[in-house]
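Heads up, query15.txt below (compact mmCIF, C-alpha atoms and all ligand atoms):
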```
# COMPACT_ATOMS: atom_id res chain seq x y z
CA MET A 1414 103.89 -17.23 -37.90
CA ASP A 1415 103.35 -20.70 -39.31
CA TYR A 1416 106.44 -22.82 -39.83
CA THR A 1417 104.63 -26.17 -40.16
CA THR A 1418 104.18 -26.03 -43.94
CA GLU A 1419 107.84 -25.47 -44.87
CA PRO A 1420 109.34 -27.84 -47.43
CA PRO A 1421 112.07 -30.14 -45.99
CA HIS A 1422 115.53 -28.64 -45.48
CA SER A 1423 118.93 -30.11 -46.36
CA ASP A 1424 120.40 -32.29 -43.62
CA LYS A 1425 123.94 -31.24 -44.61
CA LEU A 1426 123.58 -27.88 -42.85
CA PHE A 1427 124.22 -26.80 -39.26
CA VAL A 1428 121.05 -25.18 -37.97
CA GLN A 1429 121.92 -21.88 -36.26
CA ALA A 1430 118.26 -21.00 -35.59
CA PRO A 1431 115.32 -23.28 -36.48
CA GLN A 1432 112.46 -20.74 -36.79
CA PRO A 1433 112.96 -18.84 -39.01
CA PHE A 1434 115.20 -21.45 -40.61
CA ASN A 1435 118.82 -20.28 -40.61
CA ALA A 1436 121.49 -22.83 -41.44
CA GLU A 1437 124.97 -23.02 -42.95
CA PRO A 1438 127.20 -25.81 -44.31
CA PRO A 1439 130.55 -26.86 -42.84
CA VAL A 1440 133.11 -24.64 -44.55
CA ALA A 1441 135.40 -27.64 -45.18
CA SER A 1442 132.70 -29.12 -47.47
CA LEU A 1443 131.89 -25.78 -49.06
CA VAL A 1444 135.41 -25.22 -50.45
CA GLU A 1445 135.35 -28.59 -52.26
CA PHE A 1446 133.04 -27.23 -54.99
CA ALA A 1447 133.40 -24.30 -57.38
CA TYR A 1448 129.59 -24.11 -57.71
CA THR A 1449 127.91 -24.69 -54.39
CA PRO A 1450 125.57 -27.70 -54.62
CA HIS A 1451 121.99 -26.99 -53.59
CA GLU A 1452 122.25 -29.04 -50.38
CA LEU A 1453 125.22 -26.91 -49.23
CA VAL A 1454 123.70 -23.50 -49.95
CA TYR A 1455 123.09 -21.68 -46.68
CA CYS A 1456 119.57 -20.55 -45.77
CA ARG A 1457 118.92 -17.10 -44.32
CA ASN A 1458 115.29 -16.37 -43.53
CA HIS A 1459 113.45 -13.70 -41.59
CA GLY A 1460 110.18 -15.62 -41.75
CA PRO A 1461 108.63 -18.89 -42.97
CA VAL A 1462 109.65 -20.40 -46.31
CA ARG A 1463 106.62 -20.64 -48.61
CA GLU A 1464 106.03 -22.57 -51.81
CA PHE A 1465 104.24 -20.94 -54.74
CA GLU A 1466 102.88 -22.16 -58.08
CA GLU A 1467 105.02 -20.66 -60.81
CA ALA A 1468 102.16 -20.41 -63.32
CA GLU A 1469 100.08 -18.27 -60.97
CA TYR A 1470 102.86 -16.19 -59.46
CA MET A 1471 102.68 -12.56 -60.56
CA LEU A 1472 105.36 -9.87 -60.62
CA SER A 1473 104.21 -6.28 -60.74
CA VAL A 1474 106.36 -3.31 -61.69
CA ASN A 1475 105.13 0.15 -60.77
CA GLY A 1476 106.11 3.55 -59.35
CA ALA A 1477 108.03 6.03 -61.52
CA VAL A 1478 107.53 4.10 -64.76
CA ASP A 1479 105.78 4.98 -68.02
CA GLN A 1480 103.72 1.80 -67.99
CA VAL A 1481 102.71 -0.31 -64.99
CA ILE A 1482 102.87 -4.05 -65.66
CA SER A 1483 101.84 -7.23 -63.91
CA MET A 1484 103.07 -10.47 -65.50
CA SER A 1485 103.19 -14.13 -64.57
CA ILE A 1486 106.51 -15.96 -64.57
CA PRO A 1487 105.73 -17.79 -67.86
CA GLN A 1488 104.86 -14.42 -69.44
CA LEU A 1489 108.11 -12.88 -68.17
CA LYS A 1490 110.11 -15.83 -69.53
CA SER A 1491 108.57 -15.50 -72.97
CA THR A 1492 108.87 -11.70 -73.13
CA PHE A 1493 112.51 -11.30 -71.99
CA THR A 1494 115.66 -13.17 -73.02
CA LYS A 1495 117.42 -15.39 -70.53
CA ALA A 1496 120.80 -14.50 -69.06
CA ARG A 1497 123.21 -16.44 -66.86
CA VAL A 1498 125.51 -14.95 -64.24
CA VAL A 1499 128.01 -16.56 -61.87
CA ALA A 1500 127.96 -14.72 -58.56
CA ALA A 1501 128.64 -15.38 -54.89
CA LEU A 1502 125.69 -14.83 -52.58
CA GLN A 1503 126.94 -13.82 -49.16
CA CYS A 1504 125.22 -12.84 -45.94
CA ALA A 1505 126.53 -9.70 -44.23
CA GLY A 1506 126.64 -11.76 -41.02
CA ASN A 1507 129.19 -14.24 -42.40
CA ARG A 1508 131.94 -14.75 -39.75
CA ARG A 1509 129.85 -12.99 -37.08
CA ASN A 1510 130.99 -15.45 -34.41
CA GLU A 1511 134.60 -14.37 -34.93
CA MET A 1512 133.64 -10.72 -34.52
CA GLY A 1513 131.57 -11.64 -31.46
CA ALA A 1514 134.62 -13.23 -29.87
CA ILE A 1515 136.24 -9.76 -29.77
CA LYS A 1516 133.22 -8.19 -28.05
CA PRO A 1517 129.57 -9.40 -28.11
CA VAL A 1518 127.43 -8.50 -31.15
CA HIS A 1519 123.73 -8.84 -32.07
CA GLY A 1520 122.34 -11.33 -34.57
CA VAL A 1521 122.24 -14.97 -35.61
CA GLY A 1522 125.53 -16.66 -34.66
CA TRP A 1523 127.19 -17.48 -37.98
CA ASN A 1524 130.49 -19.16 -38.72
CA SER A 1525 132.14 -18.73 -42.11
CA GLY A 1526 129.82 -20.84 -44.28
CA VAL A 1527 127.23 -18.17 -45.05
CA ILE A 1528 128.26 -17.88 -48.69
CA ALA A 1529 127.33 -19.75 -51.89
CA ASN A 1530 128.82 -19.47 -55.37
CA CYS A 1531 126.17 -20.32 -57.96
CA VAL A 1532 125.20 -19.92 -61.59
CA TRP A 1533 122.03 -17.86 -61.63
CA GLY A 1534 119.63 -17.92 -64.57
CA GLY A 1535 116.88 -15.43 -65.17
CA ILE A 1536 115.82 -12.28 -66.93
CA ARG A 1537 117.68 -9.00 -66.74
CA LEU A 1538 116.23 -6.30 -64.50
CA ARG A 1539 117.55 -3.77 -67.03
CA ASP A 1540 115.40 -5.27 -69.81
CA VAL A 1541 112.29 -5.14 -67.63
CA LEU A 1542 112.95 -1.52 -66.64
CA SER A 1543 113.56 -0.51 -70.27
CA TYR A 1544 110.29 -2.24 -71.22
CA VAL A 1545 108.23 -0.31 -68.65
CA GLY A 1546 110.14 2.93 -69.33
CA VAL A 1547 112.22 4.63 -66.64
CA HIS A 1548 114.06 7.93 -66.39
CA THR A 1549 117.60 6.77 -65.78
CA ASP A 1550 119.07 10.25 -65.45
CA ASP A 1551 117.17 10.79 -62.20
CA LEU A 1552 118.55 9.63 -58.87
CA LEU A 1553 116.03 6.85 -58.60
CA HIS A 1554 116.01 3.65 -56.59
CA VAL A 1555 114.66 0.29 -57.60
CA CYS A 1556 112.79 -1.17 -54.61
CA PHE A 1557 112.14 -4.89 -54.38
CA ALA A 1558 109.45 -6.40 -52.17
CA SER A 1559 108.01 -9.74 -51.22
CA PHE A 1560 104.51 -8.96 -49.99
CA ALA A 1561 103.52 -12.61 -50.43
CA THR A 1562 105.61 -13.83 -47.48
CA LEU A 1563 105.71 -12.91 -43.82
CA CYS A 1564 108.74 -11.77 -41.81
CA GLN A 1565 109.77 -10.84 -38.30
CA ASP A 1566 110.42 -7.11 -38.22
CA ASP A 1567 108.21 -5.53 -40.86
CA GLU A 1568 105.00 -6.12 -42.84
CA TYR A 1569 107.02 -7.49 -45.77
CA TYR A 1570 110.66 -8.09 -46.76
CA GLY A 1571 112.15 -5.35 -48.92
CA ALA A 1572 115.39 -3.80 -50.16
CA SER A 1573 116.54 -1.42 -52.87
CA ILE A 1574 119.45 -0.60 -55.15
CA PRO A 1575 120.26 2.60 -57.06
CA ILE A 1576 118.85 2.64 -60.60
CA SER A 1577 122.37 3.22 -61.92
CA ARG A 1578 123.34 -0.24 -60.63
CA ALA A 1579 120.19 -1.79 -62.08
CA MET A 1580 120.87 -0.36 -65.55
CA LYS A 1581 124.64 -1.01 -65.65
CA LEU A 1582 125.48 -2.58 -68.98
CA GLU A 1583 127.96 -5.35 -68.33
CA ASP A 1584 126.94 -6.20 -64.78
CA ASP A 1585 123.52 -7.75 -65.09
CA VAL A 1586 121.15 -7.67 -62.14
CA LEU A 1587 118.88 -10.67 -62.58
CA LEU A 1588 115.38 -11.62 -61.65
CA ALA A 1589 116.42 -15.22 -61.28
CA TYR A 1590 114.29 -18.33 -61.65
CA GLU A 1591 117.17 -20.84 -61.84
CA MET A 1592 120.05 -21.73 -59.54
CA ASN A 1593 122.81 -24.01 -60.88
CA ASP A 1594 120.64 -24.72 -63.96
CA GLU A 1595 117.78 -26.11 -61.85
CA PRO A 1596 114.49 -24.33 -61.12
CA LEU A 1597 115.01 -22.03 -58.14
CA SER A 1598 113.80 -23.89 -55.04
CA ALA A 1599 111.27 -22.42 -52.63
CA GLU A 1600 113.81 -22.00 -49.85
CA HIS A 1601 116.06 -19.89 -52.05
CA GLY A 1602 113.23 -17.66 -53.16
CA GLY A 1603 111.52 -19.50 -56.00
CA PRO A 1604 109.71 -18.87 -58.26
CA MET A 1605 111.73 -15.64 -58.55
CA ARG A 1606 114.41 -13.78 -56.59
CA VAL A 1607 116.69 -10.82 -57.14
CA VAL A 1608 120.40 -11.44 -57.85
CA VAL A 1609 122.62 -8.36 -57.44
CA PRO A 1610 126.21 -9.47 -58.14
CA GLY A 1611 128.63 -7.77 -55.77
CA TYR A 1612 125.99 -6.65 -53.26
CA LEU A 1613 125.33 -8.27 -49.91
CA GLY A 1614 122.70 -11.02 -49.75
CA ALA A 1615 120.14 -8.89 -47.92
CA ARG A 1616 119.41 -7.07 -51.21
CA TRP A 1617 118.76 -10.34 -53.09
CA VAL A 1618 115.04 -10.35 -52.23
CA LYS A 1619 113.47 -13.82 -52.36
CA TRP A 1620 109.86 -14.55 -53.44
CA LEU A 1621 109.94 -11.24 -55.33
CA ASP A 1622 106.47 -10.07 -56.31
CA THR A 1623 106.77 -6.28 -56.56
CA ILE A 1624 109.26 -3.82 -58.02
CA ILE A 1625 108.71 -0.14 -57.31
CA VAL A 1626 110.79 2.55 -59.02
CA SER A 1627 111.02 5.38 -56.51
CA SER A 1628 112.83 8.60 -55.67
CA GLU A 1629 113.51 7.12 -52.21
CA GLU A 1630 115.36 4.04 -50.99
CA SER A 1631 113.15 1.19 -49.85
CA PRO A 1632 111.55 2.24 -46.52
CA ASN A 1633 111.68 -1.40 -45.39
CA TYR A 1634 113.24 -2.29 -42.04
CA TYR A 1635 115.79 -4.57 -43.68
CA GLN A 1636 117.01 -1.75 -45.90
CA GLN A 1637 116.87 1.10 -43.38
CA ARG A 1638 117.81 -0.60 -40.12
CA ASP A 1639 118.97 -4.17 -40.13
CA TYR A 1640 121.45 -4.16 -42.98
CA LYS A 1641 122.70 -0.58 -42.88
CA ILE A 1642 126.38 -1.31 -42.70
CA LEU A 1643 129.33 0.99 -42.65
CA PRO A 1644 130.35 2.40 -46.05
CA PRO A 1645 130.37 0.97 -48.62
CA GLU A 1646 126.82 0.04 -47.70
CA THR A 1647 126.24 -2.47 -50.39
CA ALA A 1648 129.40 -4.41 -51.07
CA LEU A 1649 131.11 -6.72 -48.64
CA PRO A 1650 134.82 -6.27 -47.90
CA LEU A 1651 137.85 -8.11 -49.25
CA ASN A 1652 138.00 -11.41 -47.39
CA SER A 1653 139.62 -14.83 -47.20
CA VAL A 1654 138.60 -17.82 -45.14
CA ILE A 1655 140.44 -21.06 -44.43
CA GLY A 1656 138.17 -24.04 -45.09
CA SER A 1657 140.46 -26.91 -44.16
CA ALA A 1658 144.05 -27.52 -43.07
CA PHE A 1659 145.57 -30.97 -42.61
CA LYS A 1660 148.95 -32.72 -42.76
CA SER A 1661 149.30 -34.27 -46.22
CA SER A 1662 152.70 -35.76 -45.30
CA PRO A 1663 154.91 -35.59 -42.17
CA SER A 1664 156.45 -32.38 -43.44
CA LYS A 1665 153.60 -30.72 -45.32
CA LEU A 1666 150.40 -28.92 -44.46
CA ARG A 1667 147.65 -28.70 -47.05
CA VAL A 1668 145.35 -25.71 -46.78
CA LYS A 1669 142.22 -24.84 -48.76
CA GLY A 1670 139.86 -21.92 -48.63
CA TYR A 1671 137.79 -19.28 -50.38
CA ALA A 1672 138.18 -15.56 -50.85
CA THR A 1673 135.89 -12.73 -51.93
CA PRO A 1674 136.67 -9.32 -53.43
CA GLY A 1675 135.67 -5.94 -52.04
CA ASP A 1676 134.77 -3.22 -54.54
CA CYS A 1677 138.32 -2.55 -55.80
CA GLY A 1678 138.72 -5.42 -58.27
CA ASN A 1679 138.94 -9.14 -57.89
CA VAL A 1680 141.14 -11.20 -55.59
CA ALA A 1681 144.67 -11.37 -57.02
CA ALA A 1682 146.36 -13.53 -54.38
CA VAL A 1683 145.79 -15.31 -51.09
CA GLU A 1684 148.70 -15.79 -48.70
CA ILE A 1685 149.07 -18.14 -45.74
CA SER A 1686 151.29 -17.96 -42.69
CA THR A 1687 152.22 -20.37 -39.91
CA ASP A 1688 154.01 -17.73 -37.82
CA ASN A 1689 151.18 -15.23 -37.15
CA GLY A 1690 151.96 -13.23 -40.26
CA ALA A 1691 155.72 -12.78 -39.81
CA THR A 1692 156.29 -14.63 -43.09
CA TRP A 1693 153.76 -15.37 -45.84
CA HIS A 1694 153.56 -18.20 -48.40
CA SER A 1695 151.61 -17.75 -51.59
CA SER A 1696 148.77 -20.12 -52.45
CA LYS A 1697 147.44 -21.22 -55.81
CA ILE A 1698 144.15 -19.84 -57.09
CA THR A 1699 142.20 -22.86 -58.36
CA TYR A 1700 138.93 -21.20 -59.35
CA GLN A 1701 137.73 -17.73 -60.25
CA GLU A 1702 135.16 -16.79 -62.87
CA GLY A 1703 134.24 -13.30 -64.00
CA LYS A 1704 133.98 -10.36 -61.64
CA TYR A 1705 131.50 -11.71 -59.15
CA SER A 1706 132.41 -15.30 -58.34
CA TRP A 1707 134.24 -16.28 -55.22
CA THR A 1708 137.87 -17.40 -55.48
CA LEU A 1709 138.98 -20.85 -54.39
CA TRP A 1710 142.62 -21.30 -53.39
CA GLU A 1711 144.88 -23.95 -51.97
CA GLY A 1712 148.44 -24.30 -50.80
CA GLU A 1713 150.88 -26.81 -49.49
CA ILE A 1714 153.49 -25.48 -47.12
CA PRO A 1715 156.38 -27.06 -45.23
CA VAL A 1716 155.78 -27.64 -41.50
CA MET A 1717 157.68 -29.97 -39.19
CA GLU A 1718 155.46 -29.59 -36.10
CA SER A 1719 152.51 -31.90 -35.43
CA SER A 1720 150.11 -29.11 -34.58
CA GLY A 1721 149.87 -25.36 -34.85
CA GLU A 1722 147.79 -22.48 -36.15
CA ILE A 1723 147.62 -21.04 -39.62
CA CYS A 1724 146.21 -17.76 -40.92
CA SER A 1725 145.32 -16.35 -44.34
CA ARG A 1726 144.93 -12.96 -45.99
CA ALA A 1727 143.69 -11.92 -49.44
CA ILE A 1728 145.10 -9.22 -51.72
CA ASP A 1729 143.04 -7.63 -54.50
CA LEU A 1730 143.96 -6.32 -57.96
CA ALA A 1731 144.34 -2.79 -56.60
CA GLY A 1732 146.85 -4.03 -54.01
CA ASN A 1733 144.57 -3.76 -50.99
CA ILE A 1734 145.40 -6.30 -48.29
CA GLN A 1735 142.85 -7.92 -46.02
CA PRO A 1736 143.43 -6.37 -42.58
CA LYS A 1737 144.60 -8.38 -39.58
CA GLU A 1738 141.73 -7.14 -37.41
CA GLY A 1739 138.22 -6.77 -38.77
CA GLN A 1740 136.34 -3.62 -37.84
CA TRP A 1741 134.03 -4.38 -34.90
CA ASN A 1742 130.39 -3.20 -35.07
CA ILE A 1743 127.38 -3.98 -32.87
CA ARG A 1744 125.47 -5.74 -35.69
CA GLY A 1745 128.36 -8.09 -36.31
CA VAL A 1746 128.37 -7.53 -40.08
CA ALA A 1747 131.08 -7.52 -42.73
CA PHE A 1748 133.82 -9.11 -40.63
CA ASN A 1749 137.05 -9.52 -42.59
CA GLY A 1750 139.98 -9.99 -40.24
CA TRP A 1751 142.59 -12.60 -41.20
CA SER A 1752 141.20 -16.11 -41.05
CA TRP A 1753 142.70 -18.48 -38.46
CA MET A 1754 142.60 -22.25 -38.12
CA LYS A 1755 144.20 -24.65 -35.65
CA TRP A 1756 145.50 -27.93 -37.12
N1 LIG A 1801 111.89 -12.33 -48.89
C1 LIG A 1801 113.08 -12.48 -48.28
N2 LIG A 1801 114.19 -12.27 -49.00
C2 LIG A 1801 115.42 -12.41 -48.43
C3 LIG A 1801 115.54 -12.74 -47.06
C4 LIG A 1801 114.35 -12.95 -46.32
O1 LIG A 1801 114.36 -13.28 -45.14
N3 LIG A 1801 113.13 -12.81 -46.97
N4 LIG A 1801 116.80 -12.82 -46.49
C5 LIG A 1801 117.86 -12.06 -47.16
C6 LIG A 1801 119.19 -12.30 -46.64
S1 LIG A 1801 119.65 -11.43 -45.27
C7 LIG A 1801 120.08 -13.11 -47.32
S2 LIG A 1801 121.68 -13.23 -46.80
C8 LIG A 1801 119.67 -13.89 -48.51
C9 LIG A 1801 119.81 -15.37 -48.23
O2 LIG A 1801 119.44 -16.14 -49.34
P1 LIG A 1801 119.36 -17.72 -49.22
O3 LIG A 1801 118.47 -18.10 -48.09
O4 LIG A 1801 118.89 -18.21 -50.54
O5 LIG A 1801 120.76 -18.22 -48.95
O6 LIG A 1801 118.34 -13.64 -48.90
C10 LIG A 1801 117.85 -12.31 -48.66
N5 LIG A 1801 116.52 -12.20 -49.19
MO MO A 1802 121.89 -11.82 -44.86
```

So, in terms of structure tokens, how does the structure I just supplied come out?
Amino acid sequence: MDYTTEPPHSDKLFVQAPQPFNAEPPVASLVEFAYTPHELVYCRNHGPVREFEEAEYMLSVNGAVDQVISMSIPQLKSTFTKARVVAALQCAGNRRNEMGAIKPVHGVGWNSGVIANCVWGGIRLRDVLSYVGVHTDDLLHVCFASFATLCQDDEYYGASIPISRAMKLEDDVLLAYEMNDEPLSAEHGGPMRVVVPGYLGARWVKWLDTIIVSSEESPNYYQQRDYKILPPETALPLNSVIGSAFKSSPSKLRVKGYATPGDCGNVAAVEISTDNGATWHSSKITYQEGKYSWTLWEGEIPVMESSGEICSRAIDLAGNIQPKEGQWNIRGVAFNGWSWMKW
């Protein structure tokens, strides 16, 4: 595969694997921004990044539809209304290195920066499916594919979601062409990618060129093998991560981090402890937006020592508490044990 024609990458990222390009920002920088700036958005690729001309890029929609269509991006933009959604994009492998410390796991070694909270702009998948005509009462799947790009383990990159998720009224799934109000860059899937709020990043197919409505899930390797995670298969678990911890005065420790919900309602609180969880201090939530954003939090707690270790745990609206130990699995996905940081 040819990696020589890739556009330049951000120099603010730690490169975890150069080809395909896989890189993440330092988590201390990440938690400084509610919306992740482009240069701090992680890159997760299974093949070379390619640039395409928007005017010539075509999206085709076929399969179990009344009318097959093939439209260019400008045509799609003029046919369907624009929507904006704030949602956190997160790789299932986020925090894999912490899981791997328990017992070795397979996959790119990731720390806890494989997440980005962005404003996504695009057209609604629901509008496109209504336009082509689908039978929503059937147990159908909406399969996404990027045949235009190459990848490591299959002929193309693909994924799917149930049609019920695609058609859900208040929770738009987007075919996005903007990220943080800028045109979607090539490395994040421009001219068009899928945005499925609440689902793991593997389903957010980049360089989308084909949608197939089918009675089966996508047969693609990345749907059937690589990102089959324990139930729930699509959402990531309740999580919190410490981004930075430093002494703000001789007697105070300042701690900042992010948190993400599972599928039982948003994050309601994040707690921090300096005694391995014997006692917990509450933190202040400083940012949260809608159902699908991440949560930013910070706290200042009394400490007299000059060094130590701190941990965090998140609690959601249903009262679920992030577990002390994450559940180990060989793929190293969906780790959500308490977050720890030495200071
Ligand atoms: N076509 C294509 N889409 C893809 C991928 C890919 O390699 N190829 N990687 C997926 C995975 S595993 C993740 S986590 C996200 C990463 O998106 P990003 O690189 O914009 O951060 O894109 C998903 N969509
Ligand atoms: Mo991913």

Check: So which residues fall inside 9 Å of (121.2, -24.9, -55.7) if we count all atoms listed in the file? Mind giving them as a list of chain:residue names?
Finding: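 The distance filter leaves exactly A:Tyr1448, A:Thr1449, A:Pro1450, A:His1451, A:Glu1452, A:Leu1453, A:Val1454, A:Ala1529, A:Cys1531, A:Val1532, A:Glu1591, A:Met1592, A:Asn1593, A:Asp1594, A:Glu1595, A:Pro1596, A:Leu1597, A:Ser1598, A:His1601.
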
Item checked: Nearest candidate to ligand MO 1802 (chain A) (options A:Asn1475, A:Ser1720, A:Thr1562, A:Asn1435; using all atoms listed in the file) -> A:Asn1435

Next item on the list: Give the residue list for ligand LIG 1801 (chain A) at 9 Å, counting all atoms listed in the file, as a PyMOL selection string, sorted by chain and then by residue number.
Entry: chain A and resi 1433-1437+1454-1462+1502-1507+1527-1529+1558-1565+1569-1572+1598-1602+1606-1607+1613-1621+1635+1639-1640

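Counting all atoms listed in the file, the residue from A:Ser1752, A:Asn1742, A:Ser1473, A:Ser1485 that sits nearest to Ser1525 in chain A is A:Ser1752.
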
Next item on the list: Quick one: pull the distance between CA of Trp1751 in chain A and CA of Ser1657 in chain A, Å, one decimal.
Entry: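 Straight-line distance from CA of Trp1751 in chain A to CA of Ser1657 in chain A works out to 14.8 Å.
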
I want to know what sits within 7 Å of Leu1730 in chain A, based on only C-alpha atoms, with residues of the same chain fewer than 2 positions away left out; could you give that as a CSV table (one decimal) with C-alpha atoms, in the coordinates of the input?
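Okay, selection21.csv is ready:
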```
chain,number,residue,atom,x,y,z
A,1678,GLY,CA,138.7,-5.4,-58.3
A,1679,ASN,CA,138.9,-9.1,-57.9
A,1680,VAL,CA,141.1,-11.2,-55.6
A,1681,ALA,CA,144.7,-11.4,-57.0
A,1728,ILE,CA,145.1,-9.2,-51.7
A,1732,GLY,CA,146.8,-4.0,-54.0
```

Check: Using only C-alpha atoms, which of the listed residues (A:Ser1573, A:Ser1706, A:Ser1543, A:Thr1687) sits closest to Pro1632 in chain A?
Finding: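 Checking each of A:Ser1573, A:Ser1706, A:Ser1543, A:Thr1687 against Pro1632 in chain A, counting only C-alpha atoms, the winner is A:Ser1573.
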
Note to self: Given all atoms listed in the file as the basis, pick out the residue of A:Met1484, A:Ile1685, A:Val1499, A:Val1654 nearest to Thr1673 in chain A.
What the structure shows: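 Using all atoms listed in the file, Thr1673 in chain A sits closest to A:Val1654.
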
Missing atoms in range 1618-1625 of chain A: fill them in up to all heavy atoms and send the result as a PDB file, keeping the file's coordinate frame.
```
ATOM      1  N   VAL A1618     116.373 -10.042 -52.773  1.00  0.00           N
ATOM      2  CA  VAL A1618     115.040 -10.350 -52.230  1.00  0.00           C
ATOM      3  C   VAL A1618     114.479 -11.651 -52.837  1.00  0.00           C
ATOM      4  O   VAL A1618     114.454 -11.814 -54.056  1.00  0.00           O
ATOM      5  CB  VAL A1618     114.083  -9.158 -52.472  1.00  0.00           C
ATOM      6  CG1 VAL A1618     112.657  -9.489 -52.044  1.00  0.00           C
ATOM      7  CG2 VAL A1618     114.601  -7.920 -51.717  1.00  0.00           C
ATOM      8  N   LYS A1619     114.056 -12.539 -51.950  1.00  0.00           N
ATOM      9  CA  LYS A1619     113.470 -13.820 -52.360  1.00  0.00           C
ATOM     10  C   LYS A1619     111.960 -13.649 -52.491  1.00  0.00           C
ATOM     11  O   LYS A1619     111.373 -12.736 -51.934  1.00  0.00           O
ATOM     12  CB  LYS A1619     113.778 -14.893 -51.303  1.00  0.00           C
ATOM     13  CG  LYS A1619     115.282 -15.054 -51.052  1.00  0.00           C
ATOM     14  CD  LYS A1619     115.620 -16.335 -50.289  1.00  0.00           C
ATOM     15  CE  LYS A1619     115.441 -16.236 -48.803  1.00  0.00           C
ATOM     16  NZ  LYS A1619     115.968 -17.442 -48.090  1.00  0.00           N
ATOM     17  N   TRP A1620     111.319 -14.569 -53.210  1.00  0.00           N
ATOM     18  CA  TRP A1620     109.860 -14.550 -53.440  1.00  0.00           C
ATOM     19  C   TRP A1620     109.428 -13.133 -53.887  1.00  0.00           C
ATOM     20  O   TRP A1620     108.456 -12.568 -53.396  1.00  0.00           O
ATOM     21  CB  TRP A1620     109.096 -14.964 -52.179  1.00  0.00           C
ATOM     22  CG  TRP A1620     109.654 -16.221 -51.586  1.00  0.00           C
ATOM     23  CD1 TRP A1620     109.595 -17.468 -52.130  1.00  0.00           C
ATOM     24  CD2 TRP A1620     110.391 -16.338 -50.354  1.00  0.00           C
ATOM     25  NE1 TRP A1620     110.260 -18.352 -51.302  1.00  0.00           N
ATOM     26  CE2 TRP A1620     110.745 -17.696 -50.208  1.00  0.00           C
ATOM     27  CE3 TRP A1620     110.788 -15.442 -49.359  1.00  0.00           C
ATOM     28  CZ2 TRP A1620     111.481 -18.165 -49.109  1.00  0.00           C
ATOM     29  CZ3 TRP A1620     111.500 -15.909 -48.269  1.00  0.00           C
ATOM     30  CH2 TRP A1620     111.843 -17.252 -48.159  1.00  0.00           C
ATOM     31  N   LEU A1621     110.199 -12.600 -54.837  1.00  0.00           N
ATOM     32  CA  LEU A1621     109.940 -11.240 -55.330  1.00  0.00           C
ATOM     33  C   LEU A1621     108.584 -11.177 -56.013  1.00  0.00           C
ATOM     34  O   LEU A1621     108.303 -11.970 -56.907  1.00  0.00           O
ATOM     35  CB  LEU A1621     111.054 -10.885 -56.347  1.00  0.00           C
ATOM     36  CG  LEU A1621     110.880  -9.563 -57.076  1.00  0.00           C
ATOM     37  CD1 LEU A1621     111.218  -8.393 -56.148  1.00  0.00           C
ATOM     38  CD2 LEU A1621     111.751  -9.510 -58.320  1.00  0.00           C
ATOM     39  N   ASP A1622     107.745 -10.243 -55.593  1.00  0.00           N
ATOM     40  CA  ASP A1622     106.470 -10.070 -56.310  1.00  0.00           C
ATOM     41  C   ASP A1622     106.215  -8.628 -56.736  1.00  0.00           C
ATOM     42  O   ASP A1622     105.305  -8.375 -57.518  1.00  0.00           O
ATOM     43  CB  ASP A1622     105.277 -10.624 -55.505  1.00  0.00           C
ATOM     44  CG  ASP A1622     105.210 -10.082 -54.085  1.00  0.00           C
ATOM     45  OD1 ASP A1622     105.648  -8.939 -53.853  1.00  0.00           O
ATOM     46  OD2 ASP A1622     104.730 -10.820 -53.199  1.00  0.00           O
ATOM     47  N   THR A1623     107.029  -7.686 -56.223  1.00  0.00           N
ATOM     48  CA  THR A1623     106.770  -6.280 -56.560  1.00  0.00           C
ATOM     49  C   THR A1623     108.077  -5.512 -56.736  1.00  0.00           C
ATOM     50  O   THR A1623     108.995  -5.638 -55.918  1.00  0.00           O
ATOM     51  CB  THR A1623     105.946  -5.609 -55.436  1.00  0.00           C
ATOM     52  OG1 THR A1623     104.820  -6.432 -55.135  1.00  0.00           O
ATOM     53  CG2 THR A1623     105.470  -4.224 -55.841  1.00  0.00           C
ATOM     54  N   ILE A1624     108.127  -4.738 -57.808  1.00  0.00           N
ATOM     55  CA  ILE A1624     109.260  -3.820 -58.020  1.00  0.00           C
ATOM     56  C   ILE A1624     108.669  -2.424 -58.097  1.00  0.00           C
ATOM     57  O   ILE A1624     107.702  -2.186 -58.830  1.00  0.00           O
ATOM     58  CB  ILE A1624     109.998  -4.157 -59.343  1.00  0.00           C
ATOM     59  CG1 ILE A1624     110.645  -5.548 -59.254  1.00  0.00           C
ATOM     60  CG2 ILE A1624     111.041  -3.086 -59.662  1.00  0.00           C
ATOM     61  CD1 ILE A1624     111.315  -6.002 -60.537  1.00  0.00           C
ATOM     62  N   ILE A1625     109.207  -1.517 -57.300  1.00  0.00           N
ATOM     63  CA  ILE A1625     108.710  -0.140 -57.310  1.00  0.00           C
ATOM     64  C   ILE A1625     109.879   0.792 -57.618  1.00  0.00           C
ATOM     65  O   ILE A1625     110.892   0.789 -56.901  1.00  0.00           O
ATOM     66  CB  ILE A1625     108.088   0.244 -55.937  1.00  0.00           C
ATOM     67  CG1 ILE A1625     106.977  -0.745 -55.555  1.00  0.00           C
ATOM     68  CG2 ILE A1625     107.544   1.675 -55.974  1.00  0.00           C
ATOM     69  CD1 ILE A1625     106.551  -0.669 -54.099  1.00  0.00           C
TER      70      ILE A1625
END
```
